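Below is structure.txt, which holds compact mmCIF, C-alpha atoms.
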```
# COMPACT_ATOMS: atom_id res chain seq x y z
CA MET A 138 0.00 0.00 0.00
CA MET A 139 2.83 2.39 0.88
CA LYS A 140 4.51 1.72 -2.47
CA LEU A 141 1.24 2.40 -4.24
CA ARG A 142 0.87 5.77 -2.46
CA ILE A 143 4.42 6.70 -3.38
CA VAL A 144 3.76 5.83 -7.01
CA VAL A 145 0.52 7.87 -6.98
CA TRP A 146 2.28 10.89 -5.44
CA ILE A 147 5.07 10.65 -7.98
CA MET A 148 2.50 10.60 -10.80
CA VAL A 149 0.63 13.60 -9.35
CA LEU A 150 3.87 15.52 -8.91
CA ALA A 151 4.97 14.67 -12.45
CA MET A 152 1.63 15.88 -13.83
CA ALA A 153 1.92 19.13 -11.85
CA VAL A 154 5.45 19.74 -13.09
CA ASN A 155 4.38 18.99 -16.67
CA ALA A 156 1.40 21.35 -16.42
CA SER A 157 3.66 24.03 -15.00
CA ALA A 158 6.12 23.51 -17.84
CA GLN A 159 3.36 23.90 -20.43
CA GLU A 160 1.97 27.09 -18.87
CA PRO A 161 3.13 30.01 -21.08
CA GLU A 162 5.14 32.79 -19.53
CA LEU A 163 3.84 36.35 -19.50
CA LYS A 164 6.51 38.63 -20.98
CA VAL A 165 6.24 42.39 -20.66
CA LYS A 166 8.65 44.82 -22.31
CA PRO A 167 8.55 48.63 -21.98
CA SER A 168 9.29 50.70 -25.08
CA GLY A 169 9.90 54.30 -25.97
CA ARG A 170 11.24 56.69 -28.57
CA ILE A 171 12.12 60.32 -28.99
CA LEU A 172 13.11 62.32 -32.07
CA PHE A 173 15.18 65.50 -31.86
CA ASP A 174 14.85 67.57 -35.07
CA ALA A 175 16.43 70.78 -36.32
CA ALA A 176 15.53 72.34 -39.69
CA TYR A 177 16.44 75.26 -41.93
CA VAL A 178 13.66 76.24 -44.34
CA HIS A 179 13.76 78.57 -47.34
CA ALA A 180 10.47 79.22 -49.15
CA GLN A 181 10.04 81.18 -52.37
CA GLN A 182 6.62 82.39 -51.19
CA GLN A 183 5.84 83.18 -47.54
CA GLU A 184 2.13 82.47 -47.91
CA ASP A 185 2.62 78.95 -46.50
CA LYS A 186 4.17 80.38 -43.30
CA LEU A 187 7.02 77.89 -43.25
CA LYS A 188 9.72 78.55 -40.67
CA GLY A 189 12.80 76.66 -39.51
CA GLY A 190 13.67 75.75 -35.95
CA VAL A 191 13.90 72.79 -33.61
CA GLY A 192 11.39 70.34 -32.21
CA THR A 193 10.60 66.89 -30.86
CA PRO A 194 8.11 65.64 -33.48
CA ASP A 195 7.72 62.20 -31.91
CA MET A 196 7.98 61.12 -28.29
CA ARG A 197 6.38 57.89 -27.06
CA ILE A 198 6.13 55.59 -24.10
CA GLY A 199 4.56 52.17 -24.43
CA VAL A 200 4.55 48.54 -23.47
CA ALA A 201 4.52 45.30 -25.47
CA PHE A 202 3.48 41.96 -24.00
CA SER A 203 3.18 38.32 -25.00
CA TYR A 204 1.55 35.26 -23.46
CA GLY A 205 1.88 32.08 -25.47
CA GLN A 206 0.24 32.67 -28.84
CA TRP A 207 -1.13 36.03 -27.72
CA LYS A 208 0.70 39.33 -27.93
CA GLY A 209 -0.19 42.98 -27.86
CA LYS A 210 1.01 46.56 -27.72
CA ILE A 211 -0.02 49.85 -26.15
CA ASP A 212 1.82 52.98 -27.34
CA MET A 213 1.10 56.57 -26.31
CA GLY A 214 2.52 59.70 -27.94
CA PHE A 215 3.46 63.00 -26.27
CA ALA A 216 4.93 65.03 -29.16
CA TYR A 217 4.78 68.83 -28.81
CA GLY A 218 3.07 68.48 -25.41
CA LYS A 219 -0.04 66.75 -26.78
CA VAL A 220 -1.19 63.30 -25.66
CA ASN A 221 -2.39 61.04 -28.46
CA MET A 222 -2.88 57.36 -29.02
CA LYS A 223 -0.56 55.36 -31.27
CA ASP A 224 -0.63 51.56 -31.64
CA VAL A 225 -3.16 49.74 -29.46
CA PHE A 226 -3.74 46.16 -30.59
CA LEU A 227 -4.05 42.51 -29.63
CA GLN A 228 -2.64 39.75 -31.85
CA TYR A 229 -3.17 35.99 -31.96
CA ASP A 230 -0.47 33.90 -33.66
CA ILE A 231 -2.35 31.03 -35.28
CA ASP A 232 0.95 29.39 -36.21
CA LYS A 233 4.36 30.50 -37.49
CA GLN A 234 2.90 31.62 -40.84
CA ASN A 235 -0.44 33.17 -39.90
CA PHE A 236 -1.75 35.67 -37.39
CA LEU A 237 -4.84 37.75 -36.66
CA ARG A 238 -4.48 41.29 -35.29
CA GLY A 239 -7.26 43.55 -34.04
CA GLY A 240 -7.26 47.08 -32.66
CA TYR A 241 -5.89 50.47 -33.70
CA PHE A 242 -2.81 50.27 -35.93
CA ILE A 243 -1.49 50.83 -39.47
CA HIS A 244 -2.89 48.16 -41.75
CA GLN A 245 -0.76 46.72 -44.56
CA TYR A 246 -1.15 48.72 -47.78
CA GLY A 247 1.90 49.10 -49.98
CA TYR A 248 5.61 49.11 -49.29
CA GLN A 249 5.59 51.92 -46.72
CA SER A 250 3.67 49.61 -44.37
CA CYS A 251 6.95 47.83 -43.60
CA THR A 252 8.36 50.70 -41.49
CA SER A 253 6.98 53.01 -38.82
CA SER A 254 7.04 56.79 -39.29
CA SER A 255 10.43 57.29 -37.59
CA PHE A 256 12.18 54.55 -39.59
CA LYS A 257 11.59 55.89 -43.11
CA GLU A 258 14.92 55.67 -44.94
CA THR A 259 14.57 59.26 -46.23
CA MET A 260 13.60 60.59 -42.77
CA GLU A 261 10.12 61.62 -43.94
CA GLU A 262 7.71 59.37 -45.83
CA PRO A 263 6.95 60.10 -49.52
CA GLN A 264 4.13 62.63 -49.82
CA SER A 265 2.25 60.34 -52.20
CA ASN A 266 2.04 57.71 -49.45
CA ALA A 267 0.91 60.30 -46.90
CA VAL A 268 -1.93 61.34 -49.23
CA PHE A 269 -3.18 58.06 -50.64
CA ASN A 270 -2.54 55.72 -47.73
CA ASN A 271 -4.17 55.78 -44.29
CA ASP A 272 -2.81 56.44 -40.86
CA ARG A 273 -3.88 54.14 -38.03
CA MET A 274 -7.40 52.75 -38.25
CA MET A 275 -9.58 50.56 -36.05
CA GLY A 276 -9.92 47.17 -37.65
CA LEU A 277 -9.05 43.52 -37.98
CA MET A 278 -6.18 42.20 -40.15
CA PHE A 279 -5.23 38.67 -41.14
CA GLU A 280 -1.70 38.00 -42.40
CA HIS A 281 -0.14 34.98 -44.08
CA MET A 282 3.59 34.72 -44.76
CA ASP A 283 5.64 31.94 -46.32
CA ASP A 284 8.80 31.53 -48.38
CA ARG A 285 7.15 32.92 -51.52
CA PHE A 286 4.22 35.10 -50.50
CA LEU A 287 3.05 37.70 -48.03
CA ALA A 288 -0.71 38.29 -48.04
CA THR A 289 -2.87 40.47 -45.80
CA ALA A 290 -6.57 41.30 -45.68
CA SER A 291 -8.17 43.94 -43.44
CA VAL A 292 -11.60 45.23 -42.57
CA VAL A 293 -11.48 48.73 -41.07
CA ALA A 294 -13.55 51.55 -39.62
CA GLU A 295 -12.78 55.19 -40.39
CA THR A 296 -10.04 56.89 -38.33
CA ASP A 297 -12.51 58.94 -36.27
CA ALA A 298 -13.90 55.72 -34.80
CA MET A 299 -10.99 55.91 -32.32
CA LYS A 300 -11.55 59.60 -31.56
CA GLN A 301 -15.32 60.08 -31.43
CA THR A 302 -18.36 58.12 -30.29
CA THR A 303 -21.14 57.22 -32.71
CA ASP A 304 -23.57 59.75 -31.21
CA VAL A 305 -21.16 62.32 -32.69
CA THR A 306 -20.07 60.64 -35.94
CA GLY A 307 -23.29 58.83 -36.77
CA ASN A 308 -22.92 55.53 -38.61
CA GLU A 309 -19.20 55.01 -39.10
CA ALA A 310 -17.75 54.50 -42.55
CA VAL A 311 -16.16 51.11 -43.14
CA GLY A 312 -13.72 49.75 -45.66
CA ALA A 313 -11.47 46.89 -46.69
CA MET A 314 -7.92 46.64 -47.98
CA ALA A 315 -5.43 43.95 -48.94
CA ARG A 316 -1.77 43.54 -49.89
CA LEU A 317 -0.19 40.68 -51.84
CA VAL A 318 3.59 40.38 -52.22
CA TYR A 319 5.55 37.77 -54.16
CA HIS A 320 9.11 37.53 -52.79
CA PRO A 321 11.07 34.75 -54.51
CA PHE A 322 14.45 36.09 -53.30
CA THR A 323 14.87 37.09 -49.65
CA GLU A 324 18.51 36.25 -48.92
CA PRO A 325 20.73 38.96 -47.40
CA GLY A 326 22.20 40.91 -50.31
CA LYS A 327 19.87 39.26 -52.84
CA ILE A 328 16.30 40.53 -52.53
CA PHE A 329 13.43 40.88 -54.97
CA HIS A 330 9.72 41.32 -54.45
CA VAL A 331 6.78 42.61 -56.43
CA GLY A 332 3.40 43.36 -54.94
CA VAL A 333 0.02 45.00 -55.30
CA SER A 334 -2.41 46.54 -52.82
CA GLY A 335 -6.04 47.53 -53.19
CA GLY A 336 -8.82 48.96 -51.08
CA ILE A 337 -12.28 50.46 -50.82
CA GLU A 338 -13.56 52.98 -48.25
CA GLY A 339 -16.76 54.87 -47.51
CA ALA A 340 -16.92 58.67 -47.20
CA ARG A 341 -15.63 60.01 -43.89
CA TYR A 342 -16.98 61.89 -40.91
CA ASP A 343 -16.85 65.70 -40.82
CA ALA A 344 -17.82 68.09 -38.02
CA THR A 345 -20.02 69.97 -40.52
CA ASP A 346 -23.29 68.04 -40.80
CA SER A 347 -23.75 68.83 -44.49
CA LEU A 348 -20.36 67.25 -45.27
CA SER A 349 -20.33 64.36 -42.81
CA HIS A 350 -19.92 61.06 -44.66
CA LYS A 351 -20.21 62.95 -47.92
CA GLN A 352 -16.59 64.02 -48.38
CA PHE A 353 -12.95 63.00 -48.45
CA THR A 354 -10.10 65.34 -47.54
CA LEU A 355 -6.78 64.25 -49.05
CA SER A 356 -3.78 66.20 -47.86
CA THR A 357 -0.05 66.17 -47.19
CA ARG A 358 2.40 68.51 -45.46
CA TRP A 359 5.70 70.03 -46.53
CA PRO A 360 8.42 67.46 -45.77
CA THR A 361 9.45 68.56 -42.28
CA ARG A 362 7.93 67.97 -38.87
CA VAL A 363 9.49 71.03 -37.26
CA ALA A 364 6.69 72.93 -39.04
CA LYS A 365 3.36 71.25 -39.76
CA VAL A 366 2.03 73.10 -42.78
CA TYR A 367 -0.08 71.60 -45.56
CA SER A 368 1.48 71.65 -49.01
CA GLN A 369 -1.54 70.06 -50.75
CA GLN A 370 -5.16 69.61 -49.83
CA ALA A 371 -8.07 68.34 -51.92
CA VAL A 372 -11.58 68.41 -50.43
CA VAL A 373 -13.82 66.15 -52.51
CA THR A 374 -17.49 66.87 -51.75
CA ASP A 375 -20.60 64.83 -52.66
CA ALA A 376 -18.39 61.76 -52.23
CA LYS A 377 -19.63 58.19 -52.13
CA VAL A 378 -16.84 55.61 -52.27
CA MET A 379 -13.06 55.73 -52.66
CA TYR A 380 -11.32 52.96 -54.62
CA LYS A 381 -7.55 52.68 -54.41
CA PHE A 382 -4.83 50.66 -56.07
CA SER A 383 -1.04 50.53 -55.59
CA PRO A 384 1.61 48.30 -57.23
CA GLU A 385 5.13 48.15 -55.73
CA ILE A 386 8.56 46.70 -56.51
CA LEU A 387 11.75 46.13 -54.52
CA TYR A 388 15.15 45.00 -55.76
CA SER A 389 18.37 44.80 -53.79
CA PHE A 390 21.76 43.37 -54.66
CA GLY A 391 24.63 43.62 -52.20
CA ARG A 392 24.81 47.12 -50.78
CA PHE A 393 22.38 48.70 -53.26
CA ALA A 394 18.57 48.77 -53.34
CA VAL A 395 15.79 50.41 -55.36
CA ILE A 396 12.14 50.71 -54.33
CA GLY A 397 9.24 52.00 -56.41
CA GLN A 398 5.52 52.41 -55.79
CA TYR A 399 2.59 53.91 -57.70
CA PHE A 400 -0.75 55.12 -56.26
CA TYR A 401 -4.10 55.57 -57.97
CA ASN A 402 -7.25 56.65 -56.10
CA ARG A 403 -10.71 57.26 -57.52
CA ILE A 404 -13.62 58.80 -55.59
CA SER A 405 -17.11 58.33 -56.99
CA ARG A 406 -19.59 61.19 -56.40
CA ASP A 407 -23.30 61.98 -56.17
CA ASN A 408 -25.42 64.63 -57.89
CA GLY A 409 -24.00 63.98 -61.35
CA LEU A 410 -20.53 65.24 -60.44
CA SER A 411 -17.49 63.74 -62.13
CA ALA A 412 -15.39 61.32 -60.13
CA PHE A 413 -12.15 62.63 -58.64
CA ARG A 414 -8.90 60.93 -59.64
CA GLY A 415 -5.64 61.35 -57.79
CA SER A 416 -2.29 59.70 -58.40
CA GLY A 417 1.30 59.66 -57.24
CA ALA A 418 4.53 57.68 -57.25
CA TYR A 419 8.00 57.60 -55.76
CA VAL A 420 11.32 55.93 -56.50
CA THR A 421 14.00 55.49 -53.83
CA LEU A 422 17.63 54.54 -54.39
CA ARG A 423 19.52 53.26 -51.34
CA GLY A 424 23.23 52.52 -50.98
CA LEU A 425 25.32 51.44 -48.00
CA LEU A 426 28.44 53.55 -47.58
CA LYS A 427 29.47 51.26 -44.74
CA GLY A 428 28.02 47.76 -44.58
CA SER A 429 27.91 44.83 -46.97
CA HIS A 430 24.25 44.13 -47.73
CA TYR A 431 20.58 44.78 -46.96
CA LYS A 432 18.32 42.29 -45.19
CA TYR A 433 14.65 41.46 -45.76
CA THR A 434 11.81 41.44 -43.22
CA MET A 435 9.52 38.54 -44.02
CA THR A 436 6.67 39.59 -41.72
CA ASP A 437 6.41 43.16 -43.05
CA GLY A 438 7.66 42.71 -46.62
CA GLY A 439 10.47 45.24 -46.84
CA ILE A 440 14.09 46.08 -46.10
CA ALA A 441 15.09 45.76 -42.46
CA THR A 442 16.79 48.57 -40.55
CA PRO A 443 20.52 48.28 -41.38
CA ASP A 444 22.89 46.90 -38.75
CA ALA A 445 24.53 49.02 -36.07
CA GLY A 446 27.56 50.87 -37.42
CA ASN A 447 26.26 50.99 -40.99
CA MET A 448 26.07 54.22 -42.99
CA GLU A 449 23.69 54.85 -45.86
CA LEU A 450 22.88 57.36 -48.59
CA CYS A 451 19.36 57.58 -50.06
CA LEU A 452 17.99 59.51 -53.04
CA GLN A 453 14.24 59.80 -53.59
CA TYR A 454 11.95 61.41 -56.16
CA ASN A 455 8.24 61.76 -55.48
CA TYR A 456 5.31 63.29 -57.34
CA THR A 457 1.72 63.69 -56.16
CA SER A 458 -1.29 64.89 -58.16
CA LEU A 459 -4.33 66.20 -56.27
CA SER A 460 -5.73 68.38 -59.06
CA ASP A 461 -8.42 67.01 -61.37
CA ALA A 462 -9.96 69.58 -63.72
CA SER A 463 -12.84 67.29 -64.72
CA ALA A 464 -13.88 67.03 -61.06
CA GLY A 465 -13.31 70.73 -60.37
CA VAL A 466 -10.84 69.97 -57.57
CA TYR A 467 -7.45 71.68 -57.43
CA GLY A 468 -5.38 70.29 -54.57
CA GLY A 469 -2.10 70.86 -56.38
CA TYR A 470 0.72 69.11 -58.22
CA LEU A 471 3.79 68.33 -56.12
CA SER A 472 7.32 67.28 -57.11
CA ASP A 473 9.95 66.52 -54.52
CA TRP A 474 13.62 65.53 -54.52
CA ALA A 475 15.29 64.36 -51.30
CA LEU A 476 18.82 63.25 -50.40
CA CYS A 477 19.36 61.66 -47.00
CA TYR A 478 22.38 60.38 -45.06
CA ASN A 479 21.77 57.85 -42.28
CA TYR A 480 24.22 56.71 -39.62
CA TYR A 481 22.99 53.74 -37.59
CA ILE A 482 24.99 54.51 -34.45
CA ASN A 483 23.87 51.44 -32.50
CA LYS A 484 20.76 49.29 -32.16
CA TYR A 485 18.94 52.10 -30.33
CA MET A 486 20.14 55.30 -32.04
CA ILE A 487 20.13 56.73 -35.58
CA TRP A 488 21.44 60.06 -36.86
CA ARG A 489 19.95 61.42 -40.09
CA VAL A 490 20.73 64.41 -42.31
CA ARG A 491 18.32 65.35 -45.10
CA GLY A 492 18.18 67.94 -47.84
CA SER A 493 15.08 68.37 -50.01
CA TRP A 494 13.60 70.57 -52.74
CA THR A 495 9.82 70.63 -53.16
CA LYS A 496 7.68 72.44 -55.73
CA VAL A 497 3.88 72.72 -55.63
CA THR A 498 1.69 74.25 -58.34
CA ASN A 499 -1.98 74.44 -59.36
CA ARG A 500 -3.38 74.88 -55.82
CA SER A 501 -6.71 76.67 -55.47
CA ASN A 502 -6.45 79.78 -53.24
CA PHE A 503 -2.68 79.36 -52.89
CA ALA A 504 0.20 80.60 -55.04
CA ASP A 505 2.77 78.23 -56.50
CA ASN A 506 5.70 77.68 -54.17
CA GLU A 507 9.18 76.17 -54.07
CA VAL A 508 10.69 75.17 -50.73
CA SER A 509 14.21 74.03 -49.85
CA ILE A 510 14.71 72.30 -46.50
CA PHE A 511 17.87 71.17 -44.74
CA GLU A 512 17.31 69.21 -41.54
CA THR A 513 18.86 66.73 -39.18
CA ARG A 514 17.53 64.26 -36.63
CA LEU A 515 18.83 62.21 -33.73
CA GLN A 516 16.42 59.45 -32.85
CA VAL A 517 16.43 57.08 -29.92
CA LYS A 518 14.21 54.00 -29.75
CA PHE A 519 14.21 51.15 -27.26
```
Could you take the file, read its structure, and then write that structure out as structure tokens?
Amino acid sequence: MMKLRIVVWIMVLAMAVNASAQEPELKVKPSGRILFDAAYVHAQQQEDKLKGGVGTPDMRIGVAFSYGQWKGKIDMGFAYGKVNMKDVFLQYDIDKQNFLRGGYFIHQYGYQSCTSSSFKETMEEPQSNAVFNNDRMMGLMFEHMDDRFLATASVVAETDAMKQTTDVTGNEAVGAMARLVYHPFTEPGKIFHVGVSGGIEGARYDATDSLSHKQFTLSTRWPTRVAKVYSQQAVVTDAKVMYKFSPEILYSFGRFAVIGQYFYNRISRDNGLSAFRGSGAYVTLRGLLKGSHYKYTMTDGGIATPDAGNMELCLQYNYTSLSDASAGVYGGYLSDWALCYNYYINKYMIWRVRGSWTKVTNRSNFADNEVSIFETRLQVKF
């Protein structure tokens, strides 16, 4: 009998140890970032009220956590003394190739989805992406990734769903978007992918009742965050639905890389008005001055942040069209050249220097303008 009890206790203890071993561990990691910017600005026309100076355009404190197949993130911003919400999401990893993410975050749409705002290789994102893509949106995204393909599909609510309650906004606009990337070569120093994104969205909320869910406002700022001044803005009234489409390509060999993306958006309208059509594109050339090759990020579909100690030079051309004579909307034509030097000091710090020349024409109620900007940034992220 004593031997039997010993055996039973050993079995119970073994089961308890096994259960304890299978219990996932809760991991919590704090995070933060801060950007220190300084800029010199020279504008041909002073109507845009662009001035140089210094600033901290991004400052965040957050926390990331994981528990078995579950993970999540909460990120709060404090730039320029204003509190605002950044990423807030919960993710379930179905397996190593598939996950489901829900909450408030940037959904995959085009190449620029692979990096956050402070990790753009040319310091500021292309204006065409700022206009024709979305910032964070409430929604649900499924992602599949394997050796050949990256595919995502999202259902989203309009951005104001995170800022206002429905007694203010009324019925919220909804939409859907998807990204498909074929990446046959993902080895370090030998990278190629081609992809396409598409989406559909309903007209957005506006504080003016006559415009609410009957308009889209497409806009972008001059390429500096020391001053936040719009360079283009197209207000499309009597709007119904926006359709968008964006092909992309990435090629990298050794220490060189080239990225290109095109945007096309069409907004259908009521009351017999012609649809509005906007378009844009950018091409970026990247080269490592110090470092041997670029690496690929399978989960996000893009080039990873270069290793600590690497130095890089980037050249980018961007154009954005927000004027459509047939629709009677004149948001402006923009052309922009940018040259950027990046020094990846260590895994937590990056120093950037950027020079740019931007020209905007054909803006209603604004004169044409040409702006030259020279700026630098020290960023810290942990």
Task: Interatomic distance (Å, one decimal) between CA of Gly189 in chain A and CA of Val363 in chain A - done: 6.9 Å
Task: Test item: which residues lie within 6 Å of (19.0, 51.5, -41.2) counting only C-alpha atoms, as an NGL selection string - done: :A and (442-443 or 481)
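Between CA of Leu515 in chain A and CA of Ala394 in chain A the interatomic distance comes to 23.8 Å.
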Open item on the list: Set the distance at 7 Å and use all atoms listed in the file: which residues neighbour range 288-305 of chain A once local chain neighbours fewer than 6 positions away are removed? I'd like the list as a PyMOL selection string.
Closed with: chain A and resi 244-245+273-282+311-318+341
Centre and edge lengths, as AutoDock Vina command-line options, for the axis-aligned box enclosing every listed atom of range 179-186 of chain A with 5 Å of padding on each of the six sides, in Å to one decimal?
```
--center_x 7.9 --center_y 80.9 --center_z -47.8 --size_x 21.6 --size_y 14.6 --size_z 19.1
```
Task: Shell around range 216-232 of chain A at 9 Å using only C-alpha atoms, local window under 4 positions removed, as a ChimeraX atom specification - done: /A:171,192-197,199,205-212,236-243,273,299
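Picture a line from CA of Glu309 in chain A to CA of Lys351 in chain A; it runs 11.9 Å.
With distances restricted to only C-alpha atoms, A:Arg514 is the closest residue to Cys477 in chain A from A:Lys166, A:Arg514, A:Lys496, A:Arg362.
In terms of minimum interatomic distance to Asn408 in chain A, A:Thr374 ranks closest within A:Ser493, A:Thr436, A:Asn235, A:Thr374, counting all atoms listed in the file.
Closest approach to Phe393 in chain A among A:Tyr431, A:Tyr485, A:Tyr419, A:Phe329 is made by A:Tyr431 (distances from all atoms listed in the file).
Residues lying within 9 Å of (11.5, 44.4, -57.3). Counted over only C-alpha atoms, they are His320, Ile328, Phe329, His330, Val331, Gly332, Glu385, Ile386, Leu387, Tyr388, Ser389, Val395, Ile396 and Gly397 of chain A.
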